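Enquirer: Below are the structure tokens for one structure; questions will follow.
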Amino acid sequence: MKLVVAGATGRTGSEVVAEASRRGHDVEGVARSSDDVEDVRVYPADELPALLADADVLVDFTVPAASREHAALAAEAGVAYVVGTTGFDSGGTADLRAASESTAVLKASNFARGVQALLDVVAAGVEALPDYDVELTETHHSGKRDAPSGTARTVLDVVDEVRGEELDRTHGREGEHGREASEVGVHVRRAGTVRGEHEVLLAGNDEVLTLTHRAESRRVFAAGAVDAAEWLVGRDPGWYEFSEVL
Ligand SMILES: NC(=O)c1ccc[n+]([C@@H]2O[C@H](COP(=O)([O-])OP(=O)(O)OC[C@H]3O[C@@H](n4cnc5c(N)ncnc54)[C@H](OP(=O)(O)O)[C@@H]3O)[C@@H](O)[C@H]2O)c1
């Protein structure tokens with residue numbers, strides 16, 4: 001399978017290059033700058049259309065502005081598209097959806113298998129404890145740009161879905177502020193080299209339940225993204241979820 005990695009020089013993209021190479025795929029990369037990663041050639045981004053001409057799948061870990069363009073190029077080339085970039089606004093999400101009309105698109109805010117399990121467990125916890133307060137804390141390395149993380153947003157969407165209402169996302173607290181039942185607190189920490197940690201706290205009735213996922217290396221995201229790429233190739237145009245891969 002020929003796999004092109006966008007963001008191949010980045011923290012996550014370089015792990016995708018390494019994982020796909022280990023599995024014996026034919027790998028090429030693009031980034032803003034050209035460089036080599038793990039003996040894989042990385043081309044400047046403007047060469048992506050030419051690379052897609054004979055590719056099976058594009059895996060993208062860059063920034064939203066670049067991913068919007070990459071999605072359109074994958075759609076034009078009819079190449080399956082796996083996107084792990086986070087931080088899209090509604091226009092970016094609409095562009096990805098539009099690409100899925102012409103090619104198979106799989107977007108996940110987190111390619112760790114444990115996070116998929118966390119989403120299920122959070123749904124079960126929120127359902128079992130309907131009156132409990134919910135607070136979410138996420139921690140990532142100091143280089144992460146978007147906040148809260150894409151995974152945190154996905155967890156909050158699950159909470160809203162189970163509660164049947166859009167809770168008021170309260171980002172940090174300062175000063176005089178009584179907690180309302182309609183709030184969900186969202187707390188973001190950026191420090192050091194933390195790969196990614198999400199903790200959901202449910203509290204009420206004199207008890208506390210905490211559910212935590214911690215990524216211990218970026219290899220977990222790379223492995224999930226390559227699993228998704230292998231699964232997506234050959235599928236009809238459309239929108240796919242990582243849970244379907246698992
Ligand atoms: N879904 C998941 O499981 C998951 C896991 C981890 C991270 N992420 C997300 O993946 C994204 C990347 O994270 P990261 O930590 O790997 O970032 P990073 O280390 O900053 O790497 C970004 C990569 O994108 C390239 N890039 C930036 N702007 C570009 C453009 N305009 N055109 C083409 N390439 C461009 C960079 O190339 P240069 O080096 O040449 O600038 C670099 O290779 C973020 O949105 C992050 O939240 C998702």
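For the structure tokens, the naming scheme is as follows: chains receive sequential letters (A, B, ...) according to their order of presentation, residues are indexed from 1 within each chain, and ligands are indexed from 1 in presentation order.
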Which residues come within 6 Å of Glu135 (chain A), counting only C-alpha atoms, excluding same-chain residues fewer than 3 positions away, as JSON, numbers by chain?
Expert: {"A": [184, 185, 200, 201]}
Enquirer: Please run DSSP on the backbone and report, as a ChimeraX atom specification, all residues within region 68-149 of chain A that come out as alpha helix (DSSP H).
Expert: /A:68-77,90-99,113-128
Enquirer: Step by step, measure atom-to-atom distances between ligand 1 and each residue using only C-alpha atoms and all ligand atoms, keep those at most 6 Å, then write them as a list in words.
Expert: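 Those residues are Gly7, Ala8, Thr9, Gly10, Arg11, Thr12, Gly13, Ala31, Arg32, Ser33, Ala45, Phe61, Thr62, Val63, Ala66, Gly84, Thr85, Thr86, Ala108, Ser109, Asn110, Phe111 and Phe221 of chain A.
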Enquirer: Produce a file of the selected residues containing N, CA and C atoms, as an mmCIF file, in the first residue's frame.
Expert:
data_model
loop_
_atom_site.group_PDB
_atom_site.id
_atom_site.type_symbol
_atom_site.label_atom_id
_atom_site.label_comp_id
_atom_site.auth_asym_id
_atom_site.auth_seq_id
_atom_site.Cartn_x
_atom_site.Cartn_y
_atom_site.Cartn_z
ATOM 1 N N GLY A 7 2.664 16.228 7.226
ATOM 2 C CA GLY A 7 3.172 16.550 8.570
ATOM 3 C C GLY A 7 4.211 15.534 9.002
ATOM 4 N N ALA A 8 4.902 14.965 8.000
ATOM 5 C CA ALA A 8 5.822 13.844 8.258
ATOM 6 C C ALA A 8 6.997 14.219 9.161
ATOM 7 N N THR A 9 7.320 15.513 9.248
ATOM 8 C CA THR A 9 8.442 15.911 10.113
ATOM 9 C C THR A 9 7.976 16.226 11.530
ATOM 10 N N GLY A 10 6.664 16.187 11.764
ATOM 11 C CA GLY A 10 6.121 16.620 13.056
ATOM 12 C C GLY A 10 6.234 15.539 14.123
ATOM 13 N N ARG A 11 5.837 15.914 15.336
ATOM 14 C CA ARG A 11 5.920 14.995 16.481
ATOM 15 C C ARG A 11 5.114 13.723 16.218
ATOM 16 N N THR A 12 3.894 13.862 15.700
ATOM 17 C CA THR A 12 3.048 12.689 15.485
ATOM 18 C C THR A 12 3.285 12.099 14.094
ATOM 19 N N GLY A 13 3.363 12.975 13.068
ATOM 20 C CA GLY A 13 3.561 12.487 11.700
ATOM 21 C C GLY A 13 4.813 11.635 11.569
ATOM 22 N N ALA A 31 5.783 18.024 4.184
ATOM 23 C CA ALA A 31 5.752 18.983 5.295
ATOM 24 C C ALA A 31 5.995 20.340 4.661
ATOM 25 N N ARG A 32 6.007 21.400 5.464
ATOM 26 C CA ARG A 32 6.292 22.702 4.864
ATOM 27 C C ARG A 32 7.716 22.708 4.331
ATOM 28 N N SER A 33 8.628 22.141 5.133
ATOM 29 C CA SER A 33 10.024 22.063 4.715
ATOM 30 C C SER A 33 10.286 20.641 4.242
ATOM 31 N N ALA A 45 5.254 20.754 0.690
ATOM 32 C CA ALA A 45 3.798 20.526 0.602
ATOM 33 C C ALA A 45 3.243 20.728 -0.800
ATOM 34 N N PHE A 61 -1.412 14.775 9.846
ATOM 35 C CA PHE A 61 -1.276 15.336 11.201
ATOM 36 C C PHE A 61 -0.563 16.667 11.055
ATOM 37 N N THR A 62 -1.314 17.710 10.658
ATOM 38 C CA THR A 62 -0.677 19.021 10.446
ATOM 39 C C THR A 62 -1.413 20.095 11.250
ATOM 40 N N VAL A 63 -1.949 21.072 10.554
ATOM 41 C CA VAL A 63 -2.723 22.157 11.182
ATOM 42 C C VAL A 63 -4.020 22.290 10.369
ATOM 43 N N ALA A 66 -3.954 23.729 6.706
ATOM 44 C CA ALA A 66 -3.341 22.829 5.724
ATOM 45 C C ALA A 66 -4.243 21.622 5.465
ATOM 46 N N GLY A 84 -5.929 13.272 11.496
ATOM 47 C CA GLY A 84 -5.819 13.325 12.961
ATOM 48 C C GLY A 84 -5.666 14.740 13.471
ATOM 49 N N THR A 85 -5.500 15.697 12.561
ATOM 50 C CA THR A 85 -5.385 17.112 12.953
ATOM 51 C C THR A 85 -6.601 17.507 13.795
ATOM 52 N N THR A 86 -6.380 18.330 14.822
ATOM 53 C CA THR A 86 -7.498 18.799 15.648
ATOM 54 C C THR A 86 -7.590 20.327 15.570
ATOM 55 N N ALA A 108 -10.473 11.368 13.299
ATOM 56 C CA ALA A 108 -10.580 11.032 14.723
ATOM 57 C C ALA A 108 -9.781 12.047 15.516
ATOM 58 N N SER A 109 -10.353 12.520 16.615
ATOM 59 C CA SER A 109 -9.608 13.458 17.455
ATOM 60 C C SER A 109 -8.582 12.710 18.295
ATOM 61 N N ASN A 110 -8.705 11.382 18.345
ATOM 62 C CA ASN A 110 -7.724 10.597 19.107
ATOM 63 C C ASN A 110 -7.693 9.174 18.556
ATOM 64 N N PHE A 111 -6.503 8.737 18.121
ATOM 65 C CA PHE A 111 -6.365 7.403 17.527
ATOM 66 C C PHE A 111 -5.912 6.350 18.541
ATOM 67 N N PHE A 221 -0.851 6.762 18.933
ATOM 68 C CA PHE A 221 -1.642 7.485 17.919
ATOM 69 C C PHE A 221 -1.250 7.009 16.510
#
Enquirer: If you run DSSP on the backbone, which residues of region 64-216 of chain A are strand (DSSP E), as a PyMOL selection string?
Expert: chain A and resi 80-83+104-107+133-140+168-171+183-190+197-204+207-214
Enquirer: Would you put the residues from that selection into a file with N, CA and C atoms, as a compact mmCIF listing (two decimals), in the first residue's frame?
Expert:
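The resulting selection00.txt:
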# COMPACT_ATOMS: atom_id res chain seq x y z
N ALA A 80 -8.04 7.79 -0.38
CA ALA A 80 -8.60 7.71 0.97
C ALA A 80 -7.85 8.68 1.89
N TYR A 81 -8.58 9.26 2.85
CA TYR A 81 -7.99 10.34 3.65
C TYR A 81 -8.25 10.10 5.14
N VAL A 82 -7.16 9.95 5.91
CA VAL A 82 -7.24 9.77 7.36
C VAL A 82 -6.69 11.05 8.00
N VAL A 83 -7.51 11.71 8.81
CA VAL A 83 -7.04 12.98 9.38
C VAL A 83 -7.10 12.96 10.91
N ALA A 104 -13.22 8.36 0.58
CA ALA A 104 -13.43 7.87 1.94
C ALA A 104 -12.62 8.74 2.90
N VAL A 105 -13.30 9.29 3.92
CA VAL A 105 -12.64 10.17 4.90
C VAL A 105 -12.86 9.61 6.30
N LEU A 106 -11.78 9.51 7.07
CA LEU A 106 -11.90 9.08 8.47
C LEU A 106 -11.19 10.11 9.33
N LYS A 107 -11.96 10.76 10.19
CA LYS A 107 -11.40 11.77 11.10
C LYS A 107 -11.56 11.27 12.52
N ASP A 133 -22.15 16.12 39.29
CA ASP A 133 -21.39 17.16 38.57
C ASP A 133 -20.31 16.49 37.73
N VAL A 134 -20.05 17.07 36.54
CA VAL A 134 -19.00 16.53 35.66
C VAL A 134 -17.96 17.62 35.44
N GLU A 135 -16.69 17.26 35.63
CA GLU A 135 -15.57 18.19 35.36
C GLU A 135 -14.54 17.43 34.53
N LEU A 136 -13.94 18.11 33.57
CA LEU A 136 -12.95 17.46 32.71
C LEU A 136 -11.61 18.22 32.80
N THR A 137 -10.53 17.48 32.94
CA THR A 137 -9.20 18.09 32.95
C THR A 137 -8.35 17.40 31.89
N GLU A 138 -7.69 18.19 31.04
CA GLU A 138 -6.76 17.58 30.07
C GLU A 138 -5.40 18.24 30.16
N THR A 139 -4.36 17.44 29.97
CA THR A 139 -2.98 17.92 30.04
C THR A 139 -2.23 17.49 28.78
N HIS A 140 -1.53 18.43 28.16
CA HIS A 140 -0.70 18.12 27.00
C HIS A 140 0.62 18.89 27.08
N ASP A 168 -23.22 23.91 29.87
CA ASP A 168 -22.48 25.16 29.72
C ASP A 168 -20.98 24.87 29.99
N ARG A 169 -20.15 24.90 28.97
CA ARG A 169 -18.73 24.57 29.12
C ARG A 169 -17.99 25.73 29.81
N THR A 170 -17.66 25.56 31.07
CA THR A 170 -17.04 26.62 31.87
C THR A 170 -15.53 26.40 31.88
N HIS A 171 -14.80 27.27 31.21
CA HIS A 171 -13.36 27.07 31.02
C HIS A 171 -12.58 27.72 32.15
N GLU A 183 -23.54 23.41 34.42
CA GLU A 183 -22.14 23.60 33.99
C GLU A 183 -21.40 22.29 33.85
N VAL A 184 -20.43 22.27 32.93
CA VAL A 184 -19.39 21.25 32.97
C VAL A 184 -18.07 22.02 32.94
N GLY A 185 -17.24 21.80 33.98
CA GLY A 185 -15.98 22.53 34.07
C GLY A 185 -14.95 21.91 33.13
N VAL A 186 -14.19 22.76 32.43
CA VAL A 186 -13.16 22.29 31.48
C VAL A 186 -11.83 22.94 31.88
N HIS A 187 -10.85 22.11 32.21
CA HIS A 187 -9.58 22.62 32.73
C HIS A 187 -8.43 22.13 31.86
N VAL A 188 -7.60 23.05 31.41
CA VAL A 188 -6.55 22.74 30.44
C VAL A 188 -5.19 23.04 31.05
N ARG A 189 -4.27 22.07 30.95
CA ARG A 189 -2.89 22.30 31.41
C ARG A 189 -1.95 22.04 30.24
N ARG A 190 -0.93 22.87 30.09
CA ARG A 190 0.09 22.71 29.05
C ARG A 190 1.45 22.72 29.72
N GLU A 197 -3.24 13.55 28.40
CA GLU A 197 -3.94 12.93 29.52
C GLU A 197 -5.32 13.56 29.63
N HIS A 198 -6.35 12.74 29.80
CA HIS A 198 -7.73 13.23 29.96
C HIS A 198 -8.34 12.57 31.18
N GLU A 199 -8.89 13.41 32.07
CA GLU A 199 -9.55 12.88 33.26
C GLU A 199 -10.96 13.44 33.35
N VAL A 200 -11.92 12.54 33.48
CA VAL A 200 -13.31 12.95 33.68
C VAL A 200 -13.68 12.63 35.12
N LEU A 201 -14.18 13.63 35.84
CA LEU A 201 -14.55 13.46 37.25
C LEU A 201 -16.06 13.60 37.38
N LEU A 202 -16.66 12.62 38.03
CA LEU A 202 -18.11 12.68 38.31
C LEU A 202 -18.24 12.71 39.84
N ALA A 203 -18.92 13.72 40.36
CA ALA A 203 -19.01 13.84 41.81
C ALA A 203 -20.43 14.19 42.25
N GLY A 204 -20.84 13.56 43.33
CA GLY A 204 -22.16 13.81 43.92
C GLY A 204 -22.40 12.77 44.99
N GLU A 207 -19.52 11.12 46.98
CA GLU A 207 -18.56 10.20 46.37
C GLU A 207 -18.02 10.79 45.07
N VAL A 208 -16.88 10.28 44.63
CA VAL A 208 -16.22 10.78 43.42
C VAL A 208 -15.78 9.60 42.56
N LEU A 209 -16.12 9.68 41.27
CA LEU A 209 -15.64 8.68 40.32
C LEU A 209 -14.74 9.40 39.31
N THR A 210 -13.50 8.92 39.13
CA THR A 210 -12.64 9.53 38.10
C THR A 210 -12.26 8.48 37.06
N LEU A 211 -12.30 8.91 35.81
CA LEU A 211 -11.95 8.04 34.67
C LEU A 211 -10.81 8.73 33.93
N THR A 212 -9.69 8.05 33.80
CA THR A 212 -8.50 8.70 33.24
C THR A 212 -7.90 7.88 32.11
N HIS A 213 -7.51 8.57 31.05
CA HIS A 213 -6.69 7.94 30.00
C HIS A 213 -5.40 8.72 29.87
N ARG A 214 -4.29 7.99 29.77
CA ARG A 214 -2.99 8.64 29.60
C ARG A 214 -2.24 7.96 28.46
Enquirer: Closest to Val159 (chain A) among A:Trp231, A:Tyr240, A:Tyr132, A:Tyr43, using only C-alpha atoms?
Expert: A:Tyr132
Enquirer: Do you have the CA of Pro64 (chain A)-CA of Phe88 (chain A) distance handy?
Expert: 5.5 Å
Enquirer: At what distance in Å, to one decimal, does CA of Arg97 (chain A) lie from CA of Asp236 (chain A)?
Expert: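 One can read the CA of Asp236 (chain A) to CA of Arg97 (chain A) distance as 14.1 Å.
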Enquirer: So, with only C-alpha atoms as the atoms that count, which of A:Gly143, A:Pro148, A:Pro237, A:Gly172 lies closest to Thr193 (chain A)?
Expert: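 Ranked by minimum distance to Thr193 (chain A), first place goes to A:Gly143.
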Enquirer: Using only C-alpha atoms, can you tell me which of A:Val158, A:Leu119, A:Val245, A:Val226 comes closest to Val5 (chain A)?
Expert: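 Using only C-alpha atoms, the shortest distance to Val5 (chain A) belongs to A:Val226.
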Enquirer: When you count only C-alpha atoms, which of these residues is closest to Ala94 (chain A): A:Leu48, A:Glu38, A:Leu73, A:Trp239?
Expert: A:Trp239
Enquirer: Find the residue from A:Asp146, A:His141, A:Ala152, A:Asp36 that sits nearest to Asp89 (chain A); use only C-alpha atoms when measuring.
Expert: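 Comparing A:Asp146, A:His141, A:Ala152, A:Asp36 against Asp89 (chain A), the winner is A:Asp146.
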Enquirer: Please indicate the distance in Å from CA of Gly164 (chain A) to CA of Val122 (chain A), rounded to one decimal place.
Expert: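 We find that CA of Gly164 (chain A) and CA of Val122 (chain A) lie 14.5 Å from each other.
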Enquirer: With distances taken over only C-alpha atoms, which of A:Ser34, A:Ser14, A:Ser102, A:Ser21 is nearest to Lys2 (chain A)?
Expert: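 Answer, going by the shortest atom-to-atom distance: A:Ser21.
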Enquirer: Using only C-alpha atoms, which residues sit within 8 Å of Val79 (chain A) once same-chain residues fewer than 5 positions away are excluded, as a PyMOL selection string?
Expert: chain A and resi 52+55-58+74+103-104
Enquirer: List the neighbours of Val4 (chain A) out to 6 Å using only C-alpha atoms; skip same-chain residues closer than 5 positions along the sequence, and give me the result as an mmCIF file with all heavy atoms, in the first residue's frame.
Expert:
data_model
loop_
_atom_site.group_PDB
_atom_site.id
_atom_site.type_symbol
_atom_site.label_atom_id
_atom_site.label_comp_id
_atom_site.auth_asym_id
_atom_site.auth_seq_id
_atom_site.Cartn_x
_atom_site.Cartn_y
_atom_site.Cartn_z
ATOM 1 N N VAL A 27 6.115 4.362 1.847
ATOM 2 C CA VAL A 27 5.756 5.616 2.520
ATOM 3 C C VAL A 27 6.490 6.811 1.911
ATOM 4 O O VAL A 27 7.694 6.735 1.631
ATOM 5 C CB VAL A 27 6.115 5.553 4.028
ATOM 6 C CG1 VAL A 27 5.585 6.791 4.761
ATOM 7 C CG2 VAL A 27 5.574 4.299 4.667
ATOM 8 N N GLU A 28 5.745 7.898 1.712
ATOM 9 C CA GLU A 28 6.358 9.177 1.356
ATOM 10 C C GLU A 28 5.740 10.243 2.247
ATOM 11 O O GLU A 28 4.626 10.071 2.741
ATOM 12 C CB GLU A 28 6.114 9.500 -0.110
ATOM 13 C CG GLU A 28 6.983 8.624 -1.023
ATOM 14 C CD GLU A 28 6.728 8.888 -2.496
ATOM 15 O OE1 GLU A 28 5.562 8.869 -2.905
ATOM 16 O OE2 GLU A 28 7.706 9.100 -3.210
ATOM 17 N N GLY A 29 6.482 11.354 2.436
ATOM 18 C CA GLY A 29 5.976 12.377 3.340
ATOM 19 C C GLY A 29 5.973 13.748 2.709
ATOM 20 O O GLY A 29 6.694 14.005 1.741
ATOM 21 N N LEU A 58 -3.868 9.021 2.188
ATOM 22 C CA LEU A 58 -3.156 10.169 2.764
ATOM 23 C C LEU A 58 -3.472 10.214 4.250
ATOM 24 O O LEU A 58 -4.645 10.192 4.641
ATOM 25 C CB LEU A 58 -3.639 11.464 2.091
ATOM 26 C CG LEU A 58 -3.136 12.788 2.684
ATOM 27 C CD1 LEU A 58 -1.613 12.909 2.567
ATOM 28 C CD2 LEU A 58 -3.807 13.979 1.994
#
